[in-house]
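So this one's start_33.cif, mmCIF, C-alpha atoms and all ligand atoms:
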data_upload
loop_
_atom_site.label_atom_id
_atom_site.label_comp_id
_atom_site.auth_asym_id
_atom_site.auth_seq_id
_atom_site.Cartn_x
_atom_site.Cartn_y
_atom_site.Cartn_z
CA MET A 1441 33.01 131.31 99.98
CA LEU A 1442 33.42 134.98 99.18
CA LEU A 1443 36.55 135.60 97.17
CA ARG A 1444 38.07 138.92 96.12
CA ILE A 1445 40.28 138.67 93.05
CA PRO A 1446 42.43 141.73 92.27
CA ASN A 1447 43.51 142.98 88.83
CA VAL A 1448 41.28 140.75 86.73
CA LEU A 1449 41.39 143.42 84.03
CA THR A 1450 44.58 145.22 83.05
CA PRO A 1451 44.33 149.05 83.01
CA GLN A 1452 44.19 148.88 79.19
CA GLU A 1453 41.34 146.34 79.21
CA LEU A 1454 39.47 148.37 81.80
CA ALA A 1455 39.75 151.48 79.63
CA GLN A 1456 38.59 149.53 76.56
CA VAL A 1457 35.57 148.05 78.35
CA ARG A 1458 34.54 151.44 79.67
CA GLN A 1459 34.99 153.01 76.24
CA HIS A 1460 32.81 150.37 74.57
CA ILE A 1461 29.91 150.58 76.98
CA LEU A 1462 29.74 154.15 78.29
CA GLY A 1463 28.33 155.67 75.11
CA ALA A 1464 25.90 152.83 74.34
CA ASP A 1465 22.11 152.82 74.74
CA TRP A 1466 21.28 151.58 78.22
CA ALA A 1467 17.95 150.10 79.26
CA ASP A 1468 15.95 149.71 82.46
CA GLY A 1469 17.63 147.07 84.65
CA ARG A 1470 14.41 145.12 85.08
CA ILE A 1471 14.91 143.49 81.64
CA THR A 1472 16.52 140.50 83.37
CA ALA A 1473 14.87 140.59 86.80
CA GLY A 1474 12.60 137.91 88.26
CA SER A 1475 9.27 138.96 89.75
CA GLN A 1476 10.57 139.45 93.33
CA SER A 1477 13.73 141.29 92.36
CA ALA A 1478 11.93 143.47 89.79
CA GLY A 1479 10.23 145.23 92.70
CA VAL A 1480 13.54 146.28 94.27
CA LYS A 1481 15.74 146.67 91.18
CA ASN A 1482 16.39 150.27 90.19
CA ASN A 1483 19.38 150.56 87.89
CA ARG A 1484 20.27 150.50 84.23
CA GLN A 1485 21.58 147.62 82.20
CA LEU A 1486 23.21 147.22 78.81
CA PRO A 1487 21.06 145.11 76.43
CA GLU A 1488 23.22 142.07 75.76
CA GLU A 1489 22.68 142.00 71.99
CA LEU A 1490 24.30 145.43 71.43
CA PRO A 1491 27.70 145.36 69.65
CA ALA A 1492 29.17 147.39 72.52
CA ALA A 1493 28.07 144.70 74.97
CA GLN A 1494 29.50 141.94 72.78
CA GLN A 1495 32.89 143.67 72.51
CA ALA A 1496 33.11 144.40 76.23
CA ARG A 1497 31.95 140.87 77.07
CA HIS A 1498 34.71 139.41 74.92
CA ILE A 1499 37.40 141.39 76.77
CA VAL A 1500 36.06 140.23 80.14
CA SER A 1501 35.74 136.60 79.04
CA VAL A 1502 39.35 136.48 77.84
CA ALA A 1503 40.53 138.03 81.13
CA LEU A 1504 38.57 135.51 83.21
CA ALA A 1505 39.88 132.51 81.30
CA ARG A 1506 43.52 133.46 81.95
CA ASN A 1507 43.07 134.14 85.67
CA PRO A 1508 44.16 131.10 87.75
CA GLN A 1509 42.53 132.34 90.96
CA PHE A 1510 39.20 132.73 89.19
CA VAL A 1511 39.43 129.30 87.58
CA THR A 1512 40.38 127.50 90.81
CA GLY A 1513 37.86 129.45 92.91
CA ALA A 1514 34.92 128.94 90.57
CA LEU A 1515 35.79 125.69 88.75
CA PRO A 1516 33.54 126.94 85.95
CA LYS A 1517 31.48 124.53 83.90
CA SER A 1518 29.41 127.18 82.19
CA VAL A 1519 29.53 130.97 82.47
CA TYR A 1520 26.50 133.11 81.71
CA PRO A 1521 27.77 135.74 79.23
CA PRO A 1522 28.79 138.79 81.32
CA LEU A 1523 26.28 141.65 81.60
CA PHE A 1524 26.86 145.30 82.48
CA ASN A 1525 24.99 147.63 84.80
CA ARG A 1526 25.24 151.19 86.05
CA TYR A 1527 23.89 152.96 89.09
CA SER A 1528 23.58 156.75 89.12
CA GLY A 1529 21.05 159.56 89.33
CA ASP A 1530 17.55 158.22 90.00
CA ALA A 1531 18.44 154.66 88.95
CA ASN A 1532 20.74 154.08 91.87
CA SER A 1533 20.10 150.93 93.91
CA PHE A 1534 19.09 147.28 94.01
CA GLY A 1535 17.35 146.08 97.19
CA SER A 1536 17.74 142.70 98.89
CA HIS A 1537 17.11 139.67 96.71
CA ILE A 1538 18.39 136.25 95.70
CA ASP A 1539 19.19 135.75 92.04
CA ASN A 1540 17.12 133.33 89.98
CA ALA A 1541 18.44 129.77 90.33
CA VAL A 1542 18.64 129.19 86.59
CA ARG A 1543 19.32 131.73 83.86
CA THR A 1544 18.51 130.89 80.28
CA HIS A 1545 20.62 132.66 77.73
CA ALA A 1546 18.19 134.08 75.16
CA ALA A 1547 20.45 133.78 72.11
CA SER A 1548 21.62 130.21 72.73
CA ALA A 1549 18.70 128.86 74.85
CA ARG A 1550 21.43 127.46 77.13
CA HIS A 1551 20.61 127.04 80.83
CA VAL A 1552 23.11 128.10 83.49
CA ARG A 1553 22.51 127.15 87.14
CA THR A 1554 23.67 130.13 89.17
CA ASP A 1555 25.97 128.43 91.70
CA ILE A 1556 28.19 131.51 91.88
CA ALA A 1557 27.56 135.21 91.30
CA CYS A 1558 30.32 137.60 90.26
CA THR A 1559 30.69 141.37 90.20
CA LEU A 1560 33.60 142.96 88.37
CA PHE A 1561 33.97 146.60 89.41
CA LEU A 1562 34.49 149.09 86.56
CA SER A 1563 34.44 152.43 88.43
CA ASP A 1564 37.12 153.71 90.78
CA ALA A 1565 35.85 153.31 94.34
CA GLU A 1566 36.66 156.96 95.09
CA SER A 1567 34.59 158.23 92.18
CA TYR A 1568 31.21 157.45 93.78
CA ASP A 1569 29.58 157.31 97.21
CA GLY A 1570 27.45 154.35 98.28
CA GLY A 1571 27.04 151.48 95.85
CA GLU A 1572 28.50 148.82 98.16
CA LEU A 1573 27.58 145.26 97.26
CA VAL A 1574 26.25 143.85 100.53
CA VAL A 1575 26.25 140.07 100.76
CA GLU A 1576 24.63 138.37 103.73
CA ASP A 1577 26.32 135.20 104.87
CA THR A 1578 26.55 133.15 108.04
CA TYR A 1579 29.25 135.46 109.43
CA GLY A 1580 27.06 138.55 108.96
CA GLU A 1581 27.02 141.16 106.21
CA GLN A 1582 29.98 141.61 103.92
CA ARG A 1583 30.20 145.10 102.41
CA ILE A 1584 32.19 145.08 99.21
CA LYS A 1585 33.43 148.00 97.17
CA LEU A 1586 36.52 147.16 95.15
CA THR A 1587 39.00 148.98 92.96
CA ALA A 1588 38.13 149.14 89.26
CA GLY A 1589 39.31 145.94 87.55
CA ASP A 1590 38.87 143.78 90.70
CA LEU A 1591 36.25 141.06 91.02
CA VAL A 1592 34.25 139.49 93.82
CA LEU A 1593 32.80 136.02 93.62
CA TYR A 1594 30.15 134.79 96.10
CA PRO A 1595 27.61 131.96 96.41
CA GLY A 1596 24.46 132.36 94.33
CA THR A 1597 22.49 131.26 97.38
CA SER A 1598 23.22 134.54 99.22
CA VAL A 1599 20.77 137.36 99.84
CA HIS A 1600 22.47 140.50 98.52
CA ARG A 1601 21.82 144.11 97.57
CA VAL A 1602 23.52 147.18 96.13
CA GLU A 1603 23.35 150.25 98.36
CA VAL A 1604 22.05 153.57 97.01
CA VAL A 1605 24.63 155.50 94.99
CA THR A 1606 24.46 159.06 96.32
CA ARG A 1607 27.27 160.62 94.27
CA GLY A 1608 28.88 159.74 90.96
CA GLU A 1609 28.30 156.52 89.08
CA ARG A 1610 28.91 152.86 89.79
CA LEU A 1611 29.63 150.91 86.62
CA ALA A 1612 30.04 147.13 86.88
CA CYS A 1613 30.03 143.86 85.02
CA PHE A 1614 28.11 140.96 86.54
CA PHE A 1615 27.51 137.35 85.64
CA TRP A 1616 26.84 133.88 86.99
CA ILE A 1617 28.69 130.61 86.89
CA GLU A 1618 27.51 127.04 86.92
CA SER A 1619 30.38 125.27 88.64
CA MET A 1620 31.67 121.76 88.05
CA VAL A 1621 31.30 121.47 91.85
CA ARG A 1622 27.81 122.47 92.92
CA SER A 1623 28.46 122.69 96.67
CA ASP A 1624 30.00 125.89 98.00
CA ALA A 1625 31.55 123.98 100.94
CA GLN A 1626 33.25 121.52 98.58
CA ARG A 1627 34.50 124.32 96.33
CA ARG A 1628 35.92 126.09 99.38
CA LEU A 1629 37.78 122.98 100.49
CA LEU A 1630 39.23 122.44 97.01
CA TYR A 1631 40.25 126.09 96.75
CA ASP A 1632 42.05 126.08 100.12
CA MET A 1633 43.80 122.85 99.22
CA ASP A 1634 44.88 124.12 95.82
CA MET A 1635 46.23 127.34 97.32
CA ALA A 1636 48.17 125.42 100.00
CA ILE A 1637 49.67 122.98 97.49
CA THR A 1638 50.65 125.87 95.21
CA ALA A 1639 52.37 127.61 98.15
CA LEU A 1640 54.24 124.43 99.10
CA ARG A 1641 55.46 123.96 95.55
CA ARG A 1642 56.64 127.56 95.37
CA GLN A 1643 58.53 127.11 98.66
CA ASP A 1644 60.23 124.01 97.26
CA LEU A 1645 61.16 125.85 94.06
CA ALA A 1646 62.54 128.77 96.07
CA GLN A 1647 64.60 126.45 98.27
CA ASN A 1648 66.10 124.92 95.16
CA GLY A 1649 66.74 128.31 93.61
CA GLN A 1650 64.40 127.39 90.76
CA LEU A 1651 61.60 129.89 91.26
CA ASP A 1652 62.04 131.37 87.79
CA SER A 1653 63.02 128.25 85.90
CA GLY A 1654 59.88 126.16 85.69
CA PRO A 1655 58.78 122.98 87.47
CA LEU A 1656 60.99 120.91 89.75
CA ASN A 1657 62.41 117.78 88.21
CA SER A 1658 61.10 115.80 91.13
CA GLU A 1659 58.46 116.89 93.62
CA ARG A 1660 58.43 115.82 97.25
CA SER A 1661 56.30 112.72 97.67
CA GLU A 1662 54.04 114.61 100.12
CA VAL A 1663 53.29 117.22 97.46
CA VAL A 1664 52.55 114.48 94.94
CA THR A 1665 50.18 112.82 97.41
CA LEU A 1666 48.38 116.06 98.25
CA THR A 1667 48.03 116.93 94.57
CA GLY A 1668 46.57 113.48 94.01
CA CYS A 1669 44.12 114.01 96.87
CA TYR A 1670 43.01 117.28 95.29
CA HIS A 1671 42.30 115.60 91.97
CA ASN A 1672 40.64 112.61 93.57
CA LEU A 1673 38.30 114.89 95.54
CA LEU A 1674 37.57 116.85 92.37
CA ARG A 1675 36.89 113.58 90.53
CA MET A 1676 34.51 112.53 93.32
CA TRP A 1677 32.60 115.81 93.30
CA ALA A 1678 32.82 117.17 89.75
CA ASP A 1679 29.86 117.05 87.43
CA VAL A 1680 31.09 117.80 83.93
NI NI B 1701 21.52 139.91 92.27
#
Here is the file; what I need is its structure written in the form of structure tokens.
Amino acid sequence: MLLRIPNVLTPQELAQVRQHILGADWADGRITAGSQSAGVKNNRQLPEELPAAQQARHIVSVALARNPQFVTGALPKSVYPPLFNRYSGDANSFGSHIDNAVRTHAASARHVRTDIACTLFLSDAESYDGGELVVEDTYGEQRIKLTAGDLVLYPGTSVHRVEVVTRGERLACFFWIESMVRSDAQRRLLYDMDMAITALRRQDLAQNGQLDSGPLNSERSEVVTLTGCYHNLLRMWADV
């Protein structure tokens, strides 16, 4: 499942993140690449131990935790602390690769299986040319270039690349998630079901004129049953 999530960062948070990281000391992007991807990776990356990286990471982590679409789409068990990269000038692309299956966080020695990859765009799409994230899936190539503050989430199993940036600069935050539900197909089913149940409940609230006044006193039995099915599927599939 490839999911675009708008407005993950508020304009204020976006400005703060950019302010923290833009003036910092960036390194060659190959500091976290595996041996195959090192050959095609040509960008810059913010060393994760820098105070600027820590501050920006904190803002992103808080924003992710409060975003219901992110939580239901990813069902996160463990999130690799967000990293930051930039593409401009001669360091301007990242050829086709699949991310390493397991990332080990250096500071904590914690392992994260990369079920899901995420890119949070930090540059206005109009401010640079090229730089599309291209994700290959069974329906063909998806070319993704989002507004600053928006996020895309896609399966870690996908071959992907970042096209050459030919003008301006592409600044982004990226990270991986180990999900409570390892299978992309199962996560997709749960996500669709959750979205449909949420829509049904909102329709019921609207019909009762209660859209702004909290939960219904009594839900329709069908909604209760479907909500139960969601949780019973999650119970069957979750590894926590
Ligand atoms: Ni990658």
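Here the question is which of A:Gln1643, A:Ser1619, A:Thr1544, A:Thr1578 gets nearest to Phe1510 of chain A using all atoms listed in the file, and that residue is A:Ser1619.
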What is the atom CA of Val1605 of chain A-atom CA of Gly1571 of chain A distance in Å, reported with one decimal? 4.8 Å
Residue among A:Ala1531, A:Leu1443, A:Val1511, A:Leu1593 lying closest to Asp1634 of chain A, counting all atoms listed in the file: A:Val1511
Rank nothing, just name the residue among A:Ala1514, A:Leu1666, A:Val1604, A:Ile1538 nearest to Ala1473 of chain A, using only C-alpha atoms. A:Ile1538
Taking (20.8, 152.8, 97.5) in the coordinates of the supplied file, I want to know which residues reach to within 8 Å of it, counting all atoms listed in the file; could you give the answer as a PyMOL selection string? chain A and resi 1532-1535+1570-1571+1602-1606
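Residues in contact with segment 1557-1565 of chain A at up to 6 Å, not including ones fewer than 2 positions away on its chain and judged by only C-alpha atoms, are Ser1567, Thr1587, Ala1588, Gly1589, Asp1590, Leu1591, Val1592, Leu1593, Tyr1594, Gly1596, Arg1610, Leu1611, Ala1612, Cys1613, Phe1614, Phe1615 and Trp1616 of chain A.
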Residues contacting ligand NI 1701 (chain B) - anything with an atom at most 7 Å away, using all atoms listed in the file - can you give me those as a PyMOL selection string? chain A and resi 1537-1539+1600-1601
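Atom CA of Gln1494 of chain A is found 16.8 Å from atom CA of Thr1472 of chain A.
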Write out as a count of residues only which residues come within 10 Å of Gln1456 of chain A when counting all atoms listed in the file, dropping same-chain ones fewer than 5 positions away. 6
